[in-house]
file upload_38.tsv (TSV, C-alpha atoms (C1' of nucleotides))
chain	number	residue	atom	x	y	z
A	1	MET	CA	-4.78	-30.35	14.59
A	2	ASN	CA	-3.63	-33.34	12.54
A	3	ALA	CA	-0.55	-33.71	10.37
A	4	THR	CA	-2.15	-32.55	7.12
A	5	GLU	CA	-3.15	-29.07	8.10
A	6	VAL	CA	-6.80	-28.20	7.77
A	7	LEU	CA	-7.03	-25.44	5.21
A	8	GLU	CA	-9.88	-23.15	4.50
A	9	PRO	CA	-11.25	-23.59	1.00
A	10	ILE	CA	-10.00	-21.03	-1.45
A	11	ASP	CA	-12.36	-18.10	-1.90
A	12	ARG	CA	-13.39	-18.52	-5.53
A	13	ASP	CA	-14.81	-15.02	-5.81
A	14	LEU	CA	-11.58	-13.50	-4.61
A	15	LEU	CA	-9.60	-15.82	-6.87
A	16	CYS	CA	-11.58	-14.51	-9.81
A	17	LEU	CA	-10.89	-10.90	-8.81
A	18	LEU	CA	-7.19	-11.70	-8.74
A	19	GLU	CA	-7.33	-12.59	-12.43
A	20	LEU	CA	-5.04	-15.58	-12.42
A	21	PRO	CA	-4.97	-17.40	-15.78
A	22	ALA	CA	-7.52	-20.18	-16.17
A	23	ASP	CA	-4.87	-22.63	-17.31
A	24	LEU	CA	-2.72	-22.20	-14.22
A	25	PRO	CA	-0.43	-25.25	-13.72
A	26	GLU	CA	-0.86	-27.11	-10.42
A	27	GLN	CA	2.72	-26.38	-9.42
A	28	LEU	CA	4.96	-23.55	-10.56
A	29	SER	CA	8.67	-22.96	-10.15
A	30	ILE	CA	9.87	-19.69	-8.71
A	31	ALA	CA	10.76	-18.54	-12.24
A	32	GLU	CA	7.22	-19.24	-13.43
A	33	ALA	CA	5.67	-17.59	-10.40
A	34	SER	CA	7.89	-14.59	-11.00
A	35	GLU	CA	6.93	-14.42	-14.66
A	36	LEU	CA	3.25	-14.64	-13.85
A	37	THR	CA	3.11	-12.12	-11.04
A	38	GLY	CA	5.67	-9.64	-12.28
A	39	LEU	CA	7.58	-9.87	-9.00
A	40	THR	CA	11.22	-10.91	-9.18
A	41	ALA	CA	12.34	-14.27	-7.78
A	42	HIS	CA	14.37	-12.25	-5.30
A	43	THR	CA	11.24	-10.50	-4.09
A	44	LEU	CA	9.30	-13.77	-3.80
A	45	ARG	CA	12.05	-15.22	-1.63
A	46	TYR	CA	12.13	-12.03	0.39
A	47	TYR	CA	8.36	-12.11	1.01
A	48	GLU	CA	8.69	-15.68	2.18
A	49	ARG	CA	11.58	-14.85	4.46
A	50	ILE	CA	9.66	-12.11	6.21
A	51	GLY	CA	6.67	-14.37	6.67
A	52	LEU	CA	4.20	-13.07	4.09
A	53	LEU	CA	4.28	-16.37	2.23
A	54	ASP	CA	4.59	-20.03	3.12
A	55	VAL	CA	5.69	-22.07	0.14
A	56	ARG	CA	6.13	-25.86	-0.17
A	57	ARG	CA	9.28	-27.45	-1.57
A	58	ASP	CA	9.51	-30.21	-4.15
A	59	ALA	CA	11.73	-33.30	-3.82
A	60	ALA	CA	14.79	-31.30	-4.79
A	61	GLY	CA	14.10	-28.63	-2.17
A	62	TYR	CA	12.93	-26.17	-4.82
A	63	ARG	CA	9.98	-23.87	-4.13
A	64	SER	CA	6.72	-25.08	-5.62
A	65	TYR	CA	3.87	-22.60	-5.90
A	66	ASP	CA	0.30	-23.87	-6.06
A	67	GLU	CA	-2.89	-21.98	-6.83
A	68	ARG	CA	-3.31	-20.88	-3.23
A	69	ALA	CA	0.23	-19.54	-3.10
A	70	MET	CA	-0.21	-17.72	-6.39
A	71	ALA	CA	-3.46	-16.18	-5.20
A	72	ARG	CA	-1.79	-14.93	-2.06
A	73	ILE	CA	1.09	-13.46	-4.05
A	74	VAL	CA	-1.24	-11.56	-6.35
A	75	PHE	CA	-3.33	-10.41	-3.39
A	76	ILE	CA	-0.22	-9.12	-1.66
A	77	SER	CA	1.05	-7.43	-4.78
A	78	ARG	CA	-2.29	-5.63	-5.21
A	79	LEU	CA	-2.03	-4.31	-1.69
A	80	ARG	CA	1.60	-3.31	-2.25
A	81	ALA	CA	0.78	-1.66	-5.57
A	82	SER	CA	-1.74	0.47	-3.74
A	83	GLY	CA	0.80	1.53	-1.17
A	84	MET	CA	0.01	-0.67	1.80
A	85	PRO	CA	3.26	-1.02	3.78
A	86	ILE	CA	4.61	-4.54	4.23
A	87	GLY	CA	4.21	-4.22	7.98
A	88	THR	CA	0.50	-3.61	7.58
A	89	ILE	CA	0.14	-6.57	5.23
A	90	SER	CA	1.92	-8.76	7.78
A	91	HIS	CA	-0.42	-7.52	10.44
A	92	TYR	CA	-3.45	-8.23	8.33
A	93	LEU	CA	-2.26	-11.77	7.58
A	94	GLU	CA	-1.66	-12.37	11.28
A	95	LEU	CA	-5.20	-11.25	12.02
A	96	VAL	CA	-6.44	-13.78	9.47
A	97	LEU	CA	-4.50	-16.51	11.26
A	98	GLU	CA	-5.92	-15.48	14.60
A	99	GLY	CA	-9.39	-16.39	13.46
A	100	ASP	CA	-12.82	-14.98	12.83
A	101	HIS	CA	-12.93	-12.83	15.91
A	102	THR	CA	-10.44	-10.43	14.30
A	103	ALA	CA	-12.82	-9.64	11.46
A	104	PRO	CA	-13.69	-6.18	12.86
A	105	GLN	CA	-10.02	-5.21	12.93
A	106	ARG	CA	-9.55	-6.51	9.40
A	107	LEU	CA	-12.56	-4.54	8.30
A	108	ALA	CA	-11.20	-1.35	9.84
A	109	LEU	CA	-7.82	-1.97	8.24
A	110	MET	CA	-9.33	-2.47	4.80
A	111	GLN	CA	-11.62	0.54	5.14
A	112	GLU	CA	-8.64	2.66	6.01
A	113	HIS	CA	-6.86	1.27	3.00
A	114	ARG	CA	-9.78	2.01	0.75
A	115	ASP	CA	-9.66	5.62	1.87
A	116	ARG	CA	-6.00	5.70	1.02
A	117	ILE	CA	-6.63	4.26	-2.43
A	118	GLN	CA	-9.30	6.85	-3.09
A	119	ARG	CA	-6.97	9.62	-2.03
A	120	GLN	CA	-4.37	8.22	-4.40
A	121	LEU	CA	-6.90	8.09	-7.22
A	122	ARG	CA	-7.72	11.76	-6.68
A	123	ASP	CA	-4.03	12.67	-6.56
A	124	LEU	CA	-3.38	10.73	-9.75
A	125	GLN	CA	-6.20	12.53	-11.52
A	126	LEU	CA	-4.66	15.86	-10.54
A	127	ALA	CA	-1.27	14.69	-11.77
A	128	LEU	CA	-2.82	13.42	-14.98
A	129	ALA	CA	-4.42	16.79	-15.61
A	130	VAL	CA	-1.09	18.57	-15.22
A	131	THR	CA	0.72	16.02	-17.35
A	132	ASP	CA	-1.89	16.17	-20.09
A	133	TYR	CA	-1.69	19.94	-20.02
A	134	LYS	CA	2.06	19.86	-20.52
A	135	ILE	CA	1.63	17.38	-23.36
A	136	THR	CA	-0.75	19.73	-25.16
A	137	VAL	CA	1.62	22.65	-24.53
A	138	TYR	CA	4.47	20.71	-26.10
A	139	GLY	CA	2.33	19.89	-29.09
A	140	GLY	CA	1.56	16.27	-28.50
A	141	THR	CA	-1.81	14.65	-28.48
A	142	ALA	CA	-2.84	14.58	-24.86
A	143	ALA	CA	-6.34	13.26	-24.68
A	144	PRO	CA	-6.36	9.69	-26.01
B	1	MET	CA	21.27	39.25	-19.44
B	2	ASN	CA	20.71	42.21	-17.15
B	3	ALA	CA	20.59	42.33	-13.39
B	4	THR	CA	16.85	41.86	-13.00
B	5	GLU	CA	16.51	38.52	-14.63
B	6	VAL	CA	14.05	38.26	-17.47
B	7	LEU	CA	11.41	35.80	-16.40
B	8	GLU	CA	8.81	34.12	-18.51
B	9	PRO	CA	5.32	35.12	-17.53
B	10	ILE	CA	3.56	32.61	-15.34
B	11	ASP	CA	1.37	30.24	-17.30
B	12	ARG	CA	-2.09	31.21	-16.00
B	13	ASP	CA	-3.74	28.06	-17.32
B	14	LEU	CA	-1.25	25.86	-15.53
B	15	LEU	CA	-1.57	27.98	-12.41
B	16	CYS	CA	-5.28	27.35	-12.43
B	17	LEU	CA	-4.76	23.60	-12.79
B	18	LEU	CA	-2.50	23.69	-9.76
B	19	GLU	CA	-5.40	24.96	-7.67
B	20	LEU	CA	-3.58	27.46	-5.51
B	21	PRO	CA	-5.92	29.54	-3.35
B	22	ALA	CA	-7.14	32.76	-4.91
B	23	ASP	CA	-6.12	34.80	-1.87
B	24	LEU	CA	-2.51	33.68	-1.98
B	25	PRO	CA	-0.29	36.18	-0.13
B	26	GLU	CA	2.51	37.75	-2.18
B	27	GLN	CA	5.17	36.30	0.08
B	28	LEU	CA	4.97	33.22	2.27
B	29	SER	CA	7.25	31.92	4.98
B	30	ILE	CA	8.48	28.35	4.83
B	31	ALA	CA	5.90	27.40	7.48
B	32	GLU	CA	3.11	28.87	5.36
B	33	ALA	CA	4.40	27.23	2.20
B	34	SER	CA	4.58	23.96	4.06
B	35	GLU	CA	1.06	24.30	5.37
B	36	LEU	CA	-0.29	25.13	1.94
B	37	THR	CA	1.45	22.42	-0.04
B	38	GLY	CA	1.41	19.63	2.51
B	39	LEU	CA	5.17	19.21	2.20
B	40	THR	CA	7.24	19.58	5.36
B	41	ALA	CA	9.62	22.51	5.79
B	42	HIS	CA	12.40	19.91	5.80
B	43	THR	CA	11.28	18.68	2.41
B	44	LEU	CA	11.04	22.20	0.99
B	45	ARG	CA	14.63	22.90	2.09
B	46	TYR	CA	15.70	19.57	0.69
B	47	TYR	CA	14.13	20.28	-2.70
B	48	GLU	CA	15.92	23.58	-2.78
B	49	ARG	CA	19.22	22.02	-1.83
B	50	ILE	CA	19.05	19.52	-4.68
B	51	GLY	CA	18.19	22.23	-7.15
B	52	LEU	CA	14.49	21.68	-7.77
B	53	LEU	CA	13.64	25.08	-6.34
B	54	ASP	CA	15.20	28.51	-6.23
B	55	VAL	CA	13.78	30.60	-3.43
B	56	ARG	CA	14.46	34.23	-2.54
B	57	ARG	CA	15.36	35.38	0.96
B	58	ASP	CA	13.90	38.28	2.89
B	59	ALA	CA	15.94	40.87	4.79
B	60	ALA	CA	16.51	38.45	7.66
B	61	GLY	CA	17.76	35.71	5.34
B	62	TYR	CA	14.51	33.76	5.68
B	63	ARG	CA	13.03	31.98	2.69
B	64	SER	CA	10.23	33.91	1.00
B	65	TYR	CA	7.96	32.02	-1.39
B	66	ASP	CA	6.09	33.96	-4.05
B	67	GLU	CA	3.34	32.76	-6.36
B	68	ARG	CA	5.81	31.42	-8.90
B	69	ALA	CA	7.65	29.44	-6.24
B	70	MET	CA	4.40	28.07	-4.86
B	71	ALA	CA	3.28	27.05	-8.33
B	72	ARG	CA	6.52	25.20	-8.90
B	73	ILE	CA	6.23	23.42	-5.57
B	74	VAL	CA	2.73	22.22	-6.32
B	75	PHE	CA	3.76	21.21	-9.83
B	76	ILE	CA	6.65	19.20	-8.44
B	77	SER	CA	4.51	17.63	-5.77
B	78	ARG	CA	1.99	16.52	-8.38
B	79	LEU	CA	4.74	14.83	-10.33
B	80	ARG	CA	6.11	13.23	-7.18
B	81	ALA	CA	2.67	12.09	-6.08
B	82	SER	CA	2.34	10.30	-9.39
B	83	GLY	CA	5.64	8.54	-8.92
B	84	MET	CA	8.02	10.55	-11.05
B	85	PRO	CA	11.49	10.10	-9.52
B	86	ILE	CA	13.25	13.24	-8.34
B	87	GLY	CA	16.01	12.66	-10.87
B	88	THR	CA	13.52	12.78	-13.71
B	89	ILE	CA	11.96	15.96	-12.36
B	90	SER	CA	15.43	17.53	-12.18
B	91	HIS	CA	16.07	16.49	-15.74
B	92	TYR	CA	12.79	17.97	-16.89
B	93	LEU	CA	13.50	21.26	-15.16
B	94	GLU	CA	16.95	21.38	-16.76
B	95	LEU	CA	15.36	20.86	-20.15
B	96	VAL	CA	13.08	23.82	-19.44
B	97	LEU	CA	16.11	25.96	-18.64
B	98	GLU	CA	17.86	24.91	-21.84
B	99	GLY	CA	15.15	26.54	-23.89
B	100	ASP	CA	12.48	25.85	-26.45
B	101	HIS	CA	14.54	23.46	-28.53
B	102	THR	CA	14.17	20.83	-25.81
B	103	ALA	CA	10.39	20.77	-26.19
B	104	PRO	CA	10.40	17.42	-28.01
B	105	GLN	CA	12.31	15.77	-25.18
B	106	ARG	CA	9.96	17.30	-22.64
B	107	LEU	CA	7.02	16.04	-24.63
B	108	ALA	CA	8.44	12.52	-24.71
B	109	LEU	CA	9.13	12.65	-21.00
B	110	MET	CA	5.60	13.75	-20.19
B	111	GLN	CA	4.05	11.21	-22.54
B	112	GLU	CA	6.01	8.48	-20.81
B	113	HIS	CA	4.82	9.81	-17.50
B	114	ARG	CA	1.23	9.85	-18.63
B	115	ASP	CA	1.55	6.17	-19.53
B	116	ARG	CA	2.88	5.51	-16.08
B	117	ILE	CA	0.00	7.36	-14.46
B	118	GLN	CA	-2.50	5.39	-16.49
B	119	ARG	CA	-0.84	2.14	-15.48
B	120	GLN	CA	-1.07	3.27	-11.87
B	121	LEU	CA	-4.74	4.13	-12.27
B	122	ARG	CA	-5.42	0.64	-13.59
B	123	ASP	CA	-3.44	-0.94	-10.76
B	124	LEU	CA	-5.31	1.13	-8.20
B	125	GLN	CA	-8.65	0.06	-9.66
B	126	LEU	CA	-7.61	-3.57	-9.28
B	127	ALA	CA	-6.51	-2.92	-5.71
B	128	LEU	CA	-9.74	-1.09	-4.99
B	129	ALA	CA	-11.76	-4.04	-6.25
B	130	VAL	CA	-9.91	-6.43	-3.96
B	131	THR	CA	-10.16	-4.06	-1.01
B	132	ASP	CA	-13.87	-3.46	-1.54
B	133	TYR	CA	-14.38	-7.19	-1.83
B	134	LYS	CA	-12.70	-7.76	1.54
B	135	ILE	CA	-14.78	-4.99	3.07
B	136	THR	CA	-18.00	-6.67	1.95
B	137	VAL	CA	-16.72	-10.03	3.22
B	138	TYR	CA	-16.04	-8.51	6.62
B	139	GLY	CA	-19.49	-7.03	6.68
B	140	GLY	CA	-18.77	-3.40	6.07
B	141	THR	CA	-20.34	-1.20	3.48
B	142	ALA	CA	-17.97	-1.28	0.55
B	143	ALA	CA	-19.49	0.76	-2.21
B	144	PRO	CA	-19.97	4.30	-0.97
C	1	DC	C1'	18.03	41.92	28.78
C	2	DT	C1'	16.31	37.41	28.36
C	3	DT	C1'	13.10	34.24	26.71
C	4	DT	C1'	10.57	32.13	23.07
C	5	DG	C1'	10.05	30.51	18.75
C	6	DC	C1'	10.86	30.29	14.07
C	7	DC	C1'	14.41	30.59	10.97
C	8	DT	C1'	19.30	29.44	8.90
C	9	DT	C1'	23.14	25.89	7.18
C	10	DT	C1'	25.51	21.53	6.83
C	11	DG	C1'	26.25	16.92	7.29
C	12	DA	C1'	24.70	12.78	8.83
C	13	DG	C1'	21.17	9.25	9.70
C	14	DC	C1'	17.13	6.54	8.77
C	15	DG	C1'	13.36	3.41	7.04
C	16	DC	C1'	11.63	0.99	3.57
C	17	DA	C1'	11.64	-2.42	0.15
C	18	DC	C1'	14.03	-4.60	-2.12
C	19	DT	C1'	18.52	-6.41	-4.42
C	20	DC	C1'	22.67	-8.69	-4.61
C	21	DG	C1'	26.60	-11.88	-3.60
C	22	DA	C1'	28.78	-15.97	-2.14
C	23	DA	C1'	28.87	-20.69	-1.64
C	24	DG	C1'	26.91	-24.58	-2.79
C	25	DG	C1'	23.11	-28.37	-4.42
C	26	DC	C1'	20.35	-30.69	-8.17
C	27	DA	C1'	19.54	-32.23	-12.95
C	28	DT	C1'	19.63	-32.36	-17.76
C	29	DA	C1'	22.90	-32.19	-22.01
C	30	DC	C1'	26.89	-33.57	-23.98
D	1	DG	C1'	32.38	-37.46	-16.03
D	2	DT	C1'	31.65	-32.33	-16.37
D	3	DA	C1'	29.54	-28.29	-17.90
D	4	DT	C1'	25.33	-25.50	-17.80
D	5	DG	C1'	21.79	-23.41	-15.61
D	6	DC	C1'	18.36	-22.90	-12.28
D	7	DC	C1'	17.78	-23.53	-7.65
D	8	DT	C1'	18.99	-23.12	-2.38
D	9	DT	C1'	20.30	-20.15	2.10
D	10	DC	C1'	21.96	-16.31	4.58
D	11	DG	C1'	23.86	-12.06	5.35
D	12	DA	C1'	24.98	-7.89	3.60
D	13	DG	C1'	24.43	-3.92	0.47
D	14	DT	C1'	21.82	-0.41	-2.17
D	15	DG	C1'	18.93	3.56	-3.60
D	16	DC	C1'	15.55	6.60	-2.77
D	17	DG	C1'	13.46	10.20	-0.42
D	18	DC	C1'	13.34	12.21	3.00
D	19	DT	C1'	14.31	13.38	8.15
D	20	DC	C1'	16.88	14.92	11.81
D	21	DA	C1'	20.54	17.16	14.71
D	22	DA	C1'	23.63	20.64	15.93
D	23	DA	C1'	24.93	25.18	16.25
D	24	DG	C1'	23.61	29.43	15.72
D	25	DG	C1'	20.85	34.03	13.95
D	26	DC	C1'	16.76	37.21	14.09
D	27	DA	C1'	12.90	39.48	16.35
D	28	DA	C1'	8.78	40.25	18.93
D	29	DA	C1'	7.07	39.63	23.97
D	30	DG	C1'	7.65	40.34	28.70
call {"tool": "encode", "arguments": {"input": "upload_38.tsv", "output": "structure tokens"}}
result
Amino acid sequence: MNATEVLEPIDRDLLCLLELPADLPEQLSIAEASELTGLTAHTLRYYERIGLLDVRRDAAGYRSYDERAMARIVFISRLRASGMPIGTISHYLELVLEGDHTAPQRLALMQEHRDRIQRQLRDLQLALAVTDYKITVYGGTAAP
Amino acid sequence: MNATEVLEPIDRDLLCLLELPADLPEQLSIAEASELTGLTAHTLRYYERIGLLDVRRDAAGYRSYDERAMARIVFISRLRASGMPIGTISHYLELVLEGDHTAPQRLALMQEHRDRIQRQLRDLQLALAVTDYKITVYGGTAAP
DNA sequence: CTTTGCCTTTGAGCGCACTCGAAGGCATAC
DNA sequence: GTATGCCTTCGAGTGCGCTCAAAGGCAAAG
């Protein structure tokens, strides 16, 4: 392995799914990254500290987020938003580092997570039904 | 107010939405209530302690859950499952106790909650897309 | 009568995911 | 220069929602 680390190319399909803006600057400050992802600067530093992220510094020692970093942040926040615990995300990212032979484990992990998401979707539909019912009872307009 | 408290009739439409089994026993032990709702006995006691629930005791001093209690538990668990904080649920239940004149506040509260649920549904769809994408990448069958 | 097992109460403890504070560095404005 | 404001690190603190432990009561089984 030479000094400039060999990086996998960014997965353009995934990048598209993550819905980052087309006019994304090459480098973003932590404030900009925070603004764009909806995570606080505190949380971004925290994620880095616990090893979810690996962010370069500029000349002044400030964090500088590139497209790859932003993509990872959004990816992580999607998993978090769907209830994947941080420990599981860490584990998944370690599997990625370990190489292609961990693909079956990653698959299993993601299939399990999909099941969880679908359970959550069902639960939310039940909650929505109850909430909408209460809204009609209280005289509001429930169905949009 | 006389000794046998005057209770509102149970809202049959709501009860139906809550999907309690048709053959619900008149009285359930905490273990049965736990089994049926998916909440632990610990959690049921906790909810009671913080004032979300008000449960009768049998001759032995054991908790005895009737249909009304079960309906409330499921209602609360639906709200919790959709991310309503316990404090907000408490507040809502207090508004109910205060009487009909709090209906507008309850309406506002539920409308806010519906917005939250819909935001969660959108977030979950995004997470599902990413998860399904990873599943296809790893060679699994993503779309069911 | 004793064992077993579920129940009671109360207070304390825990895990997670942040969230904040203190002390200090860099850089642009005045 | 110095003030302003965003940035740094590191350790510690917070809030929520449970979760558990201890000490003891009730009751059916053996």
call {"tool": "interface_residues", "arguments": {"input": "upload_38.tsv", "of": "chain D", "to": "chain A", "cutoff": "9 Å", "atoms": "only C-alpha atoms (C1' of nucleotides)", "output": "JSON, numbers by chain"}}
result
{"D": [6, 7, 8]}
call {"tool": "interface_residues", "arguments": {"input": "upload_38.tsv", "of": "chain A", "to": "chain B", "cutoff": "9 Å", "atoms": "all atoms listed in the file", "output": "count of residues only"}}
result
43
call {"tool": "atom_distance", "arguments": {"input": "upload_38.tsv", "atom1": "atom CA of B:Asp66", "atom2": "atom CA of B:Glu94"}}
result
20.9 Å
call {"tool": "interface_residues", "arguments": {"input": "upload_38.tsv", "of": "chain C", "to": "chain B", "cutoff": "12 Å", "atoms": "only C-alpha atoms (C1' of nucleotides)", "output": "ChimeraX atom specification"}}
result
/C:6-10
call {"tool": "atom_distance", "arguments": {"input": "upload_38.tsv", "atom1": "atom CA of B:Thr37", "atom2": "atom C1' of D:DA21"}}
result
24.7 Å
call {"tool": "atom_distance", "arguments": {"input": "upload_38.tsv", "atom1": "atom CA of A:Glu67", "atom2": "atom CA of A:Ala33"}}
result
10.3 Å
call {"tool": "closest_residue", "arguments": {"input": "upload_38.tsv", "among": "B:Val74, B:Met84, B:Gly99, B:Ala22", "to": "B:Glu35", "atoms": "all atoms listed in the file"}}
result
B:Val74
call {"tool": "residues_around", "arguments": {"input": "upload_38.tsv", "residues": "C:DC16", "least_positions_apart": "3", "cutoff": "10 Å", "atoms": "only C-alpha atoms (C1' of nucleotides)", "output": "compact mmCIF listing (two decimals) with C-alpha atoms (C1' of nucleotides), in the frame of the given file"}}
result
# COMPACT_ATOMS: atom_id res chain seq x y z
CA PRO A 85 3.26 -1.02 3.78
CA ILE A 86 4.61 -4.54 4.23
C1' DC D 16 15.55 6.60 -2.77
call {"tool": "calpha_fit_and_write", "arguments": {"input": "upload_38.tsv", "fixed": "chain A", "moving": "chain B", "output": "tab-separated table (two decimals) with C-alpha atoms, in the coordinates of the input"}}
result
chain	number	residue	atom	x	y	z
B	1	MET	CA	-4.69	-30.37	14.63
B	2	ASN	CA	-3.68	-33.38	12.57
B	3	ALA	CA	-0.72	-33.83	10.29
B	4	THR	CA	-2.40	-32.72	7.08
B	5	GLU	CA	-3.30	-29.24	8.07
B	6	VAL	CA	-6.92	-28.26	7.74
B	7	LEU	CA	-7.07	-25.47	5.21
B	8	GLU	CA	-9.92	-23.15	4.49
B	9	PRO	CA	-11.25	-23.58	0.99
B	10	ILE	CA	-9.99	-21.01	-1.46
B	11	ASP	CA	-12.36	-18.10	-1.87
B	12	ARG	CA	-13.41	-18.54	-5.52
B	13	ASP	CA	-14.82	-15.03	-5.80
B	14	LEU	CA	-11.58	-13.51	-4.60
B	15	LEU	CA	-9.62	-15.82	-6.86
B	16	CYS	CA	-11.58	-14.52	-9.80
B	17	LEU	CA	-10.90	-10.91	-8.81
B	18	LEU	CA	-7.20	-11.70	-8.74
B	19	GLU	CA	-7.35	-12.61	-12.42
B	20	LEU	CA	-5.05	-15.60	-12.43
B	21	PRO	CA	-4.98	-17.41	-15.77
B	22	ALA	CA	-7.51	-20.19	-16.17
B	23	ASP	CA	-4.85	-22.66	-17.29
B	24	LEU	CA	-2.73	-22.22	-14.20
B	25	PRO	CA	-0.45	-25.25	-13.71
B	26	GLU	CA	-0.85	-27.10	-10.40
B	27	GLN	CA	2.73	-26.39	-9.41
B	28	LEU	CA	4.96	-23.55	-10.54
B	29	SER	CA	8.66	-22.95	-10.14
B	30	ILE	CA	9.88	-19.67	-8.71
B	31	ALA	CA	10.77	-18.52	-12.24
B	32	GLU	CA	7.23	-19.24	-13.42
B	33	ALA	CA	5.68	-17.57	-10.39
B	34	SER	CA	7.89	-14.58	-11.01
B	35	GLU	CA	6.93	-14.40	-14.65
B	36	LEU	CA	3.25	-14.63	-13.84
B	37	THR	CA	3.11	-12.11	-11.03
B	38	GLY	CA	5.66	-9.62	-12.27
B	39	LEU	CA	7.58	-9.87	-9.00
B	40	THR	CA	11.23	-10.91	-9.18
B	41	ALA	CA	12.36	-14.26	-7.78
B	42	HIS	CA	14.39	-12.22	-5.28
B	43	THR	CA	11.25	-10.49	-4.12
B	44	LEU	CA	9.32	-13.76	-3.83
B	45	ARG	CA	12.07	-15.20	-1.62
B	46	TYR	CA	12.14	-12.01	0.38
B	47	TYR	CA	8.39	-12.09	0.99
B	48	GLU	CA	8.72	-15.64	2.17
B	49	ARG	CA	11.61	-14.81	4.45
B	50	ILE	CA	9.66	-12.06	6.20
B	51	GLY	CA	6.69	-14.32	6.67
B	52	LEU	CA	4.23	-13.05	4.08
B	53	LEU	CA	4.29	-16.35	2.24
B	54	ASP	CA	4.62	-20.00	3.11
B	55	VAL	CA	5.72	-22.06	0.14
B	56	ARG	CA	6.15	-25.82	-0.17
B	57	ARG	CA	9.28	-27.44	-1.57
B	58	ASP	CA	9.50	-30.19	-4.15
B	59	ALA	CA	11.70	-33.28	-3.84
B	60	ALA	CA	14.79	-31.29	-4.80
B	61	GLY	CA	14.10	-28.62	-2.19
B	62	TYR	CA	12.93	-26.15	-4.83
B	63	ARG	CA	10.01	-23.85	-4.13
B	64	SER	CA	6.73	-25.07	-5.61
B	65	TYR	CA	3.87	-22.57	-5.89
B	66	ASP	CA	0.32	-23.87	-6.06
B	67	GLU	CA	-2.86	-21.97	-6.84
B	68	ARG	CA	-3.30	-20.87	-3.24
B	69	ALA	CA	0.24	-19.53	-3.09
B	70	MET	CA	-0.19	-17.72	-6.39
B	71	ALA	CA	-3.44	-16.19	-5.20
B	72	ARG	CA	-1.77	-14.92	-2.07
B	73	ILE	CA	1.10	-13.44	-4.06
B	74	VAL	CA	-1.23	-11.55	-6.34
B	75	PHE	CA	-3.32	-10.42	-3.39
B	76	ILE	CA	-0.22	-9.12	-1.65
B	77	SER	CA	1.04	-7.44	-4.78
B	78	ARG	CA	-2.27	-5.64	-5.21
B	79	LEU	CA	-2.01	-4.31	-1.69
B	80	ARG	CA	1.59	-3.30	-2.25
B	81	ALA	CA	0.78	-1.65	-5.56
B	82	SER	CA	-1.76	0.47	-3.75
B	83	GLY	CA	0.78	1.54	-1.17
B	84	MET	CA	0.01	-0.66	1.79
B	85	PRO	CA	3.26	-1.00	3.77
B	86	ILE	CA	4.62	-4.51	4.21
B	87	GLY	CA	4.21	-4.20	7.97
B	88	THR	CA	0.50	-3.59	7.58
B	89	ILE	CA	0.15	-6.55	5.23
B	90	SER	CA	1.93	-8.74	7.79
B	91	HIS	CA	-0.41	-7.50	10.46
B	92	TYR	CA	-3.43	-8.23	8.32
B	93	LEU	CA	-2.24	-11.75	7.58
B	94	GLU	CA	-1.64	-12.35	11.29
B	95	LEU	CA	-5.18	-11.22	12.01
B	96	VAL	CA	-6.41	-13.77	9.47
B	97	LEU	CA	-4.47	-16.49	11.26
B	98	GLU	CA	-5.90	-15.48	14.63
B	99	GLY	CA	-9.37	-16.38	13.46
B	100	ASP	CA	-12.80	-14.98	12.84
B	101	HIS	CA	-12.90	-12.82	15.94
B	102	THR	CA	-10.42	-10.44	14.32
B	103	ALA	CA	-12.82	-9.65	11.48
B	104	PRO	CA	-13.68	-6.20	12.86
B	105	GLN	CA	-10.02	-5.20	12.93
B	106	ARG	CA	-9.55	-6.51	9.41
B	107	LEU	CA	-12.56	-4.55	8.30
B	108	ALA	CA	-11.19	-1.36	9.84
B	109	LEU	CA	-7.82	-1.97	8.24
B	110	MET	CA	-9.33	-2.47	4.80
B	111	GLN	CA	-11.63	0.52	5.15
B	112	GLU	CA	-8.64	2.67	6.00
B	113	HIS	CA	-6.86	1.27	3.00
B	114	ARG	CA	-9.78	2.00	0.73
B	115	ASP	CA	-9.66	5.63	1.87
B	116	ARG	CA	-6.00	5.70	1.02
B	117	ILE	CA	-6.63	4.26	-2.43
B	118	GLN	CA	-9.30	6.84	-3.10
B	119	ARG	CA	-6.97	9.62	-2.02
B	120	GLN	CA	-4.37	8.21	-4.40
B	121	LEU	CA	-6.90	8.08	-7.23
B	122	ARG	CA	-7.71	11.75	-6.69
B	123	ASP	CA	-4.02	12.66	-6.56
B	124	LEU	CA	-3.36	10.74	-9.76
B	125	GLN	CA	-6.21	12.53	-11.52
B	126	LEU	CA	-4.66	15.86	-10.55
B	127	ALA	CA	-1.27	14.68	-11.78
B	128	LEU	CA	-2.82	13.41	-14.99
B	129	ALA	CA	-4.42	16.79	-15.62
B	130	VAL	CA	-1.10	18.57	-15.21
B	131	THR	CA	0.72	16.02	-17.34
B	132	ASP	CA	-1.88	16.16	-20.10
B	133	TYR	CA	-1.72	19.93	-19.99
B	134	LYS	CA	2.05	19.86	-20.52
B	135	ILE	CA	1.63	17.39	-23.36
B	136	THR	CA	-0.76	19.73	-25.16
B	137	VAL	CA	1.60	22.66	-24.53
B	138	TYR	CA	4.45	20.72	-26.09
B	139	GLY	CA	2.31	19.90	-29.06
B	140	GLY	CA	1.55	16.28	-28.48
B	141	THR	CA	-1.82	14.66	-28.46
B	142	ALA	CA	-2.87	14.58	-24.84
B	143	ALA	CA	-6.32	13.13	-24.68
B	144	PRO	CA	-6.23	9.63	-26.12
call {"tool": "axis_aligned_box", "arguments": {"input": "upload_38.tsv", "around": "stretch 83-90 of chain B", "padding_each_side": "8 Å", "output": "lines of an AutoDock Vina configuration file"}}
result
center_x = 10.8
center_y = 13.0
center_z = -11.0
size_x = 26.4
size_y = 25.0
size_z = 21.4
